[in-house]
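> Hey, dropping target_32.cif in here, mmCIF, C-alpha atoms:
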```
data_run
loop_
_atom_site.label_atom_id
_atom_site.label_comp_id
_atom_site.auth_asym_id
_atom_site.auth_seq_id
_atom_site.Cartn_x
_atom_site.Cartn_y
_atom_site.Cartn_z
CA GLU A 61 23.93 -37.09 7.33
CA ILE A 62 22.15 -38.68 4.35
CA ASP A 63 21.16 -42.35 4.38
CA LYS A 64 19.85 -43.17 0.89
CA GLU A 65 19.07 -46.79 1.74
CA LYS A 66 16.79 -45.78 4.59
CA ASN A 67 15.63 -42.64 2.76
CA LYS A 68 16.65 -40.66 5.82
CA VAL A 69 18.19 -37.21 6.28
CA ILE A 70 19.59 -35.88 9.56
CA LEU A 71 19.73 -32.12 9.95
CA SER A 72 21.52 -29.92 12.45
CA GLU A 73 20.56 -26.37 13.29
CA LYS A 74 23.52 -26.09 15.66
CA SER A 75 26.02 -26.63 12.85
CA VAL A 76 24.73 -23.57 11.02
CA TYR A 77 25.66 -21.26 13.86
CA SER A 78 28.96 -20.71 15.61
CA ASP A 79 29.22 -21.28 19.35
CA THR A 80 29.05 -17.49 19.81
CA ASP A 81 25.83 -17.31 17.79
CA MET A 82 24.27 -20.12 19.80
CA GLN A 83 25.23 -18.47 23.07
CA GLN A 84 23.73 -15.18 21.92
CA ARG A 85 20.57 -16.95 20.74
CA THR A 86 20.19 -18.71 24.09
CA GLN A 87 20.81 -15.49 25.97
CA THR A 88 18.25 -13.61 23.88
CA LEU A 89 15.62 -16.28 24.45
CA THR A 90 15.99 -16.30 28.24
CA SER A 91 14.20 -12.97 28.68
CA LEU A 92 12.52 -12.47 25.30
CA LYS A 93 8.77 -11.91 25.07
CA VAL A 94 6.25 -10.74 22.50
CA GLY A 95 6.37 -6.97 22.17
CA ASP A 96 10.13 -6.67 22.71
CA ASN A 97 12.25 -4.70 20.25
CA LEU A 98 15.51 -6.08 18.88
CA ASN A 99 18.28 -4.88 16.59
CA GLY A 100 18.80 -7.18 13.64
CA VAL A 101 20.14 -7.61 10.13
CA VAL A 102 18.45 -8.83 6.94
CA THR A 103 19.81 -12.28 6.12
CA GLY A 104 17.49 -13.25 3.27
CA ILE A 105 14.69 -12.03 1.02
CA ALA A 106 11.74 -14.11 -0.21
CA PRO A 107 8.54 -13.24 -2.09
CA PHE A 108 6.62 -13.57 1.18
CA GLY A 109 8.91 -11.51 3.42
CA LEU A 110 12.31 -10.86 4.97
CA PHE A 111 14.47 -13.18 7.07
CA ILE A 112 16.00 -11.33 10.01
CA ASN A 113 18.70 -12.36 12.46
CA ALA A 114 18.09 -10.29 15.58
CA GLN A 115 20.63 -10.81 18.35
CA GLY A 116 21.18 -14.41 17.30
CA LEU A 117 17.51 -15.22 16.79
CA GLU A 118 16.41 -15.92 13.20
CA GLY A 119 12.87 -14.92 12.32
CA LEU A 120 10.58 -13.74 9.54
CA VAL A 121 9.03 -10.37 8.77
CA HIS A 122 6.02 -11.21 6.63
CA LEU A 123 5.49 -8.78 3.73
CA SER A 124 2.35 -7.50 5.48
CA GLU A 125 4.54 -6.40 8.40
CA ILE A 126 7.28 -4.64 6.40
CA SER A 127 5.61 -1.29 5.83
CA TRP A 128 2.32 0.54 6.29
CA ASP A 129 2.44 1.08 2.53
CA LYS A 130 1.40 -1.74 0.19
CA VAL A 131 4.26 -4.23 -0.27
CA THR A 132 4.39 -6.57 -3.26
CA ASN A 133 8.15 -7.06 -3.46
CA PRO A 134 10.09 -7.07 -0.15
CA GLY A 135 13.31 -6.44 -2.10
CA ASP A 136 12.06 -2.96 -2.99
CA PHE A 137 12.31 -1.99 0.68
CA TYR A 138 15.38 -3.75 2.06
CA LYS A 139 18.50 -5.59 0.95
CA VAL A 140 20.54 -8.40 2.50
CA GLU A 141 22.83 -7.11 5.27
CA ASP A 142 20.67 -4.05 5.91
CA LYS A 143 20.51 -3.28 9.61
CA ILE A 144 17.00 -2.89 10.96
CA LYS A 145 15.10 -2.69 14.22
CA VAL A 146 12.23 -5.15 14.64
CA GLN A 147 9.48 -5.95 17.13
CA VAL A 148 8.71 -9.51 18.21
CA ILE A 149 5.07 -10.29 17.39
CA GLY A 150 5.19 -14.08 17.52
CA LEU A 151 7.32 -16.56 19.48
CA GLN A 152 6.74 -20.32 19.33
CA ASP A 153 8.56 -23.60 19.90
CA ASN A 154 11.24 -22.05 22.10
CA GLY A 155 12.37 -19.65 19.41
CA LYS A 156 12.20 -22.02 16.45
CA ARG A 157 9.40 -19.95 14.99
CA VAL A 158 9.75 -16.22 15.43
CA ALA A 159 7.67 -13.52 13.74
CA TYR A 160 8.96 -9.96 13.55
CA SER A 161 7.42 -6.67 12.49
CA ILE A 162 9.10 -3.56 11.13
CA LYS A 163 6.07 -1.39 10.49
CA ARG A 164 4.82 -1.55 14.09
CA LEU A 165 7.86 0.48 15.12
CA GLN A 166 6.93 3.15 12.57
CA GLN A 167 4.22 5.77 12.93
CA ASP A 168 1.01 4.72 11.26
CA PRO A 169 0.42 7.41 8.61
CA TRP A 170 -3.18 6.41 7.94
CA LYS A 171 -4.84 8.46 10.67
CA ASN A 172 -3.09 11.69 9.69
CA ILE A 173 -3.37 11.09 5.95
CA VAL A 174 -7.06 10.25 5.90
CA LYS A 175 -7.94 13.50 7.72
CA LYS A 176 -7.14 15.39 4.50
CA TYR A 177 -9.71 13.54 2.43
CA LYS A 178 -13.48 13.20 2.35
CA ILE A 179 -16.11 11.40 0.30
CA GLY A 180 -16.98 13.30 -2.88
CA GLN A 181 -13.55 14.93 -3.12
CA ILE A 182 -11.71 14.75 -6.44
CA VAL A 183 -8.00 13.91 -6.20
CA GLU A 184 -5.16 13.00 -8.52
CA GLY A 185 -3.46 9.62 -8.41
CA GLU A 186 -1.25 7.27 -10.38
CA ILE A 187 -2.33 3.89 -11.72
CA LYS A 188 0.03 1.37 -10.05
CA SER A 189 -1.44 -1.96 -11.16
CA ILE A 190 -4.40 -3.41 -13.03
CA ALA A 191 -6.52 -6.42 -12.13
CA GLN A 192 -9.51 -8.08 -13.76
CA TYR A 193 -11.85 -6.32 -11.34
CA GLY A 194 -10.35 -2.82 -11.51
CA ALA A 195 -7.27 -0.64 -11.14
CA PHE A 196 -5.19 0.20 -8.07
CA VAL A 197 -4.26 3.85 -7.61
CA LYS A 198 -1.60 5.46 -5.43
CA ILE A 199 -2.79 8.81 -4.10
CA GLU A 200 0.29 9.47 -1.96
CA ASP A 201 2.79 7.51 0.13
CA GLY A 202 0.80 5.27 2.45
CA LEU A 203 -2.53 5.89 0.74
CA ASN A 204 -3.90 3.68 -2.03
CA GLY A 205 -7.28 3.12 -3.54
CA LEU A 206 -9.21 0.92 -5.95
CA ILE A 207 -11.24 1.93 -8.96
CA HIS A 208 -13.67 -0.94 -9.35
CA ILE A 209 -14.30 -1.98 -12.95
CA SER A 210 -17.85 -0.63 -12.65
CA GLU A 211 -16.46 2.83 -11.78
CA LEU A 212 -14.04 3.13 -14.70
CA SER A 213 -16.44 4.36 -17.36
CA ASN A 214 -20.07 5.14 -18.10
CA LYS A 215 -19.83 2.43 -20.74
CA LEU A 216 -19.58 -1.31 -20.05
CA VAL A 217 -15.95 -2.26 -19.36
CA LYS A 218 -14.79 -5.86 -19.73
CA ASN A 219 -11.05 -5.20 -19.51
CA PRO A 220 -9.75 -2.36 -17.29
CA ALA A 221 -6.55 -2.20 -19.37
CA GLN A 222 -8.63 -0.83 -22.26
CA VAL A 223 -9.45 2.25 -20.16
CA VAL A 224 -6.30 2.93 -18.11
CA ASN A 225 -2.61 1.99 -18.21
CA VAL A 226 -0.03 1.55 -15.46
CA GLY A 227 1.65 4.91 -14.89
CA ASP A 228 -1.35 7.00 -15.98
CA LYS A 229 -2.10 10.07 -13.88
CA VAL A 230 -5.85 10.25 -13.35
CA GLN A 231 -8.42 12.45 -11.63
CA VAL A 232 -10.69 10.31 -9.45
CA MET A 233 -13.53 10.89 -7.01
CA ILE A 234 -13.43 9.37 -3.51
CA ILE A 235 -16.62 7.35 -3.04
CA SER A 236 -15.69 5.43 0.15
CA ILE A 237 -13.08 5.43 2.91
CA SER A 238 -12.34 2.12 4.63
CA ASN A 239 -10.46 2.42 7.92
CA GLU A 240 -10.47 -1.34 8.31
CA ASP A 241 -8.96 -2.11 4.89
CA ARG A 242 -6.98 1.14 4.90
CA HIS A 243 -7.82 2.16 1.37
CA LEU A 244 -10.13 4.39 -0.64
CA GLY A 245 -12.90 3.45 -3.00
CA LEU A 246 -12.43 5.56 -6.11
CA SER A 247 -14.40 6.41 -9.24
CA LEU A 248 -12.96 7.59 -12.53
CA LYS A 249 -16.29 8.00 -14.28
CA ARG A 250 -17.82 10.15 -11.54
CA ALA A 251 -14.82 12.49 -11.61
CA GLN A 252 -15.17 12.78 -15.38
CA ASN A 253 -18.92 13.38 -15.09
CA ALA A 254 -18.32 16.10 -12.50
CA ALA A 255 -15.74 17.74 -14.78
CA THR A 256 -18.17 17.62 -17.71
CA LYS A 257 -20.94 19.20 -15.63
CA ALA A 258 -18.59 21.94 -14.47
CA THR A 259 -17.55 22.66 -18.05
CA THR A 260 -21.17 22.71 -19.21
CA LYS A 261 -22.13 25.05 -16.37
CA GLU A 262 -19.22 27.35 -17.18
CA GLU A 263 -20.16 27.41 -20.85
CA SER A 264 -23.77 28.13 -19.91
CA SER A 265 -22.70 30.99 -17.64
CA SER A 266 -20.52 32.40 -20.41
CA GLU A 267 -23.44 32.20 -22.83
CA ASP A 268 -25.68 34.02 -20.35
CA LEU A 269 -23.08 36.76 -19.97
CA ARG A 270 -22.78 37.13 -23.73
CA GLU A 271 -26.55 37.37 -24.03
CA LEU A 272 -26.66 39.99 -21.29
CA ASP A 273 -23.92 42.03 -23.00
CA LYS A 274 -25.87 41.84 -26.24
CA ILE A 275 -29.01 43.17 -24.57
CA LEU A 276 -27.10 46.02 -22.89
CA ASN A 277 -25.45 47.00 -26.15
CA GLU A 278 -28.79 47.03 -27.94
CA ASN A 279 -30.24 49.28 -25.23
CA LYS A 280 -27.33 51.68 -25.61
CA GLN A 281 -27.80 51.85 -29.35
CA ASN A 282 -31.56 52.26 -29.11
CA PRO A 283 -32.28 54.36 -26.02
CA ALA A 284 -35.93 54.78 -25.11
#
```
Represent the supplied structure as structure tokens.

Amino acid sequence: EIDKEKNKVILSEKSVYSDTDMQQRTQTLTSLKVGDNLNGVVTGIAPFGLFINAQGLEGLVHLSEISWDKVTNPGDFYKVEDKIKVQVIGLQDNGKRVAYSIKRLQQDPWKNIVKKYKIGQIVEGEIKSIAQYGAFVKIEDGLNGLIHISELSNKLVKNPAQVVNVGDKVQVMIISISNEDRHLGLSLKRAQNAATKATTKEESSSEDLRELDKILNENKQNPA
């Protein structure tokens, strides 16, 4: 109902649902508690997450609870009418505010992934996005890192986009591992410096070998 004179709007949640839906919602709420798992369907997608109807109970999966991987667009992961299993992580106002999680029903890949890496290791990654303070790099599914602007080059960098582009494959050195933030601190310049040192050392070794060969040949030609 809309009363323009009184500037008043009357809303009804009950009218949105059929009697069957309301009965199912009521039945679900009678025994529901935080930590329970429900089967649901995606009913809507927003920039901040997914709307899920699980056994008659509408709730939200915030984008931070969609996947263990970094999520910027929920629509990249699920579509409306997709069936999905969710876990209840928040329940307030007798079911009027429900928070769900998808990722908590999935195995956390971080612990297994991070075992393969160590500080000082050089790895390959792909530039996924660029910010004013640096560039974000995807090393593999579930593992991302940041090259801070100060670690992009030995020269002063004011704009990261002048050094790297989205989609670039780069060799980077791991300089920190954050279990709390679940990402790596990376350095492009240190990886490049290490590669330069290795090349210089190899060239120096080759020069030493050439010098040694020269001395041996001279000894053969001029035996004592």
> Could you state the separation of atom CA of Glu200 of chain A and atom CA of Pro169 of chain A in Å, given to one decimal place?
10.8 Å
> Please enumerate the residues selected by the PyMOL selection byres ((chain A and resi 220-222) around 8) when evaluated against the supplied file, formatted as a list in words.
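Here the PyMOL selection byres ((chain A and resi 220-222) around 8) matches Ile190, Ala191, Gln192, Tyr193, Gly194, Ala195, Ile209, Leu212, Val217, Lys218, Asn219, Val223, Val224 and Asn225 of chain A.
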> Selected by the PyMOL selection byres ((chain A and resi 181) around 9) in the shown coordinates: which residues, as a PyMOL selection string?
chain A and resi 177-180+182-183+232-235+251
> Using all atoms listed in the file, which of the listed residues (A:Val148, A:Ile162, A:Ala106, A:Val131) sits closest to Asn204 of chain A?
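The closest residue to Asn204 of chain A is A:Val131.
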> What does the distance from atom CA of Val230 of chain A to atom CA of Ala254 of chain A come to in Å, to one decimal?
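Straight-line distance from atom CA of Val230 of chain A to atom CA of Ala254 of chain A works out to 13.8 Å.
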> Take every atom of segment 61-64 of chain A listed in the file, pad by 3 Å on each side, and give me the axis-aligned box centre and edge lengths in Å, one decimal, as AutoDock Vina command-line options.

```
--center_x 21.9 --center_y -40.1 --center_z 4.1 --size_x 10.1 --size_y 12.1 --size_z 12.4
```
> Do you have the atom CA of Leu123 of chain A-atom CA of Phe111 of chain A distance handy?
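Pair atom CA of Leu123 of chain A / atom CA of Phe111 of chain A returns 10.5 Å.
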> If the PyMOL selection byres ((chain A and resi 142) around 6) is run on the structure shown, which residues does it catch, given as a list in words?
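After applying the PyMOL selection byres ((chain A and resi 142) around 6), what remains is Val101, Val102, Lys139, Val140, Glu141 and Lys143 of chain A.
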> Taking into account all atoms listed in the file, which residue in the set A:Ser210, A:Tyr160, A:Ile105, A:Gly119 is nearest to Phe137 of chain A?
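Under the stated criterion, the closest residue is A:Ile105.
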> Tell me, as an MDAnalysis selection string, which residues lie within 6 Å of Asp228 of chain A, counting all atoms listed in the file; anything in the same chain fewer than 2 positions away does not count.
chainID A and resid 186:187 225:226
> Copy segment 101-116 of chain A out of the block into a file, keeping N, CA, C and O atoms, as a PDB file, in the first residue's frame.

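What ended up in result.pdb:
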```
ATOM      1  N   VAL A 101      19.576 -22.269  -3.678  1.00  0.00           N
ATOM      2  CA  VAL A 101      19.672 -21.872  -5.077  1.00  0.00           C
ATOM      3  C   VAL A 101      19.969 -20.373  -5.130  1.00  0.00           C
ATOM      4  O   VAL A 101      19.490 -19.603  -4.290  1.00  0.00           O
ATOM      5  N   VAL A 102      20.775 -19.964  -6.095  1.00  0.00           N
ATOM      6  CA  VAL A 102      21.112 -18.546  -6.257  1.00  0.00           C
ATOM      7  C   VAL A 102      19.897 -17.816  -6.820  1.00  0.00           C
ATOM      8  O   VAL A 102      19.399 -18.160  -7.894  1.00  0.00           O
ATOM      9  N   THR A 103      19.428 -16.805  -6.098  1.00  0.00           N
ATOM     10  CA  THR A 103      18.258 -16.045  -6.539  1.00  0.00           C
ATOM     11  C   THR A 103      18.613 -14.652  -7.040  1.00  0.00           C
ATOM     12  O   THR A 103      17.796 -13.997  -7.682  1.00  0.00           O
ATOM     13  N   GLY A 104      19.818 -14.197  -6.741  1.00  0.00           N
ATOM     14  CA  GLY A 104      20.220 -12.866  -7.190  1.00  0.00           C
ATOM     15  C   GLY A 104      21.718 -12.660  -7.030  1.00  0.00           C
ATOM     16  O   GLY A 104      22.364 -13.324  -6.218  1.00  0.00           O
ATOM     17  N   ILE A 105      22.247 -11.746  -7.844  1.00  0.00           N
ATOM     18  CA  ILE A 105      23.686 -11.441  -7.802  1.00  0.00           C
ATOM     19  C   ILE A 105      23.863  -9.935  -7.664  1.00  0.00           C
ATOM     20  O   ILE A 105      23.228  -9.156  -8.394  1.00  0.00           O
ATOM     21  N   ALA A 106      24.700  -9.526  -6.721  1.00  0.00           N
ATOM     22  CA  ALA A 106      25.001  -8.114  -6.499  1.00  0.00           C
ATOM     23  C   ALA A 106      26.519  -7.940  -6.434  1.00  0.00           C
ATOM     24  O   ALA A 106      27.247  -8.916  -6.281  1.00  0.00           O
ATOM     25  N   PRO A 107      27.012  -6.716  -6.561  1.00  0.00           N
ATOM     26  CA  PRO A 107      28.454  -6.495  -6.493  1.00  0.00           C
ATOM     27  C   PRO A 107      29.080  -6.969  -5.185  1.00  0.00           C
ATOM     28  O   PRO A 107      30.259  -7.284  -5.133  1.00  0.00           O
ATOM     29  N   PHE A 108      28.255  -7.007  -4.125  1.00  0.00           N
ATOM     30  CA  PHE A 108      28.776  -7.371  -2.803  1.00  0.00           C
ATOM     31  C   PHE A 108      28.540  -8.832  -2.434  1.00  0.00           C
ATOM     32  O   PHE A 108      28.938  -9.272  -1.366  1.00  0.00           O
ATOM     33  N   GLY A 109      27.853  -9.606  -3.301  1.00  0.00           N
ATOM     34  CA  GLY A 109      27.661 -11.002  -2.960  1.00  0.00           C
ATOM     35  C   GLY A 109      26.514 -11.670  -3.701  1.00  0.00           C
ATOM     36  O   GLY A 109      25.989 -11.133  -4.683  1.00  0.00           O
ATOM     37  N   LEU A 110      26.114 -12.835  -3.190  1.00  0.00           N
ATOM     38  CA  LEU A 110      25.055 -13.636  -3.805  1.00  0.00           C
ATOM     39  C   LEU A 110      23.866 -13.767  -2.854  1.00  0.00           C
ATOM     40  O   LEU A 110      24.045 -13.983  -1.656  1.00  0.00           O
ATOM     41  N   PHE A 111      22.661 -13.656  -3.398  1.00  0.00           N
ATOM     42  CA  PHE A 111      21.463 -13.918  -2.612  1.00  0.00           C
ATOM     43  C   PHE A 111      21.081 -15.376  -2.819  1.00  0.00           C
ATOM     44  O   PHE A 111      21.013 -15.860  -3.949  1.00  0.00           O
ATOM     45  N   ILE A 112      20.873 -16.076  -1.715  1.00  0.00           N
ATOM     46  CA  ILE A 112      20.588 -17.509  -1.750  1.00  0.00           C
ATOM     47  C   ILE A 112      19.278 -17.804  -1.032  1.00  0.00           C
ATOM     48  O   ILE A 112      19.043 -17.312   0.076  1.00  0.00           O
ATOM     49  N   ASN A 113      18.445 -18.615  -1.670  1.00  0.00           N
ATOM     50  CA  ASN A 113      17.260 -19.141  -0.987  1.00  0.00           C
ATOM     51  C   ASN A 113      17.567 -20.587  -0.639  1.00  0.00           C
ATOM     52  O   ASN A 113      17.667 -21.437  -1.520  1.00  0.00           O
ATOM     53  N   ALA A 114      17.737 -20.841   0.654  1.00  0.00           N
ATOM     54  CA  ALA A 114      18.070 -22.190   1.118  1.00  0.00           C
ATOM     55  C   ALA A 114      16.923 -22.734   1.953  1.00  0.00           C
ATOM     56  O   ALA A 114      16.683 -22.269   3.073  1.00  0.00           O
ATOM     57  N   GLN A 115      16.196 -23.663   1.361  1.00  0.00           N
ATOM     58  CA  GLN A 115      15.075 -24.312   2.055  1.00  0.00           C
ATOM     59  C   GLN A 115      14.079 -23.294   2.593  1.00  0.00           C
ATOM     60  O   GLN A 115      13.620 -23.369   3.732  1.00  0.00           O
ATOM     61  N   GLY A 116      13.786 -22.288   1.737  1.00  0.00           N
ATOM     62  CA  GLY A 116      12.799 -21.279   2.076  1.00  0.00           C
ATOM     63  C   GLY A 116      13.334 -20.083   2.820  1.00  0.00           C
ATOM     64  O   GLY A 116      12.609 -19.128   3.093  1.00  0.00           O
TER      65      GLY A 116
END
```
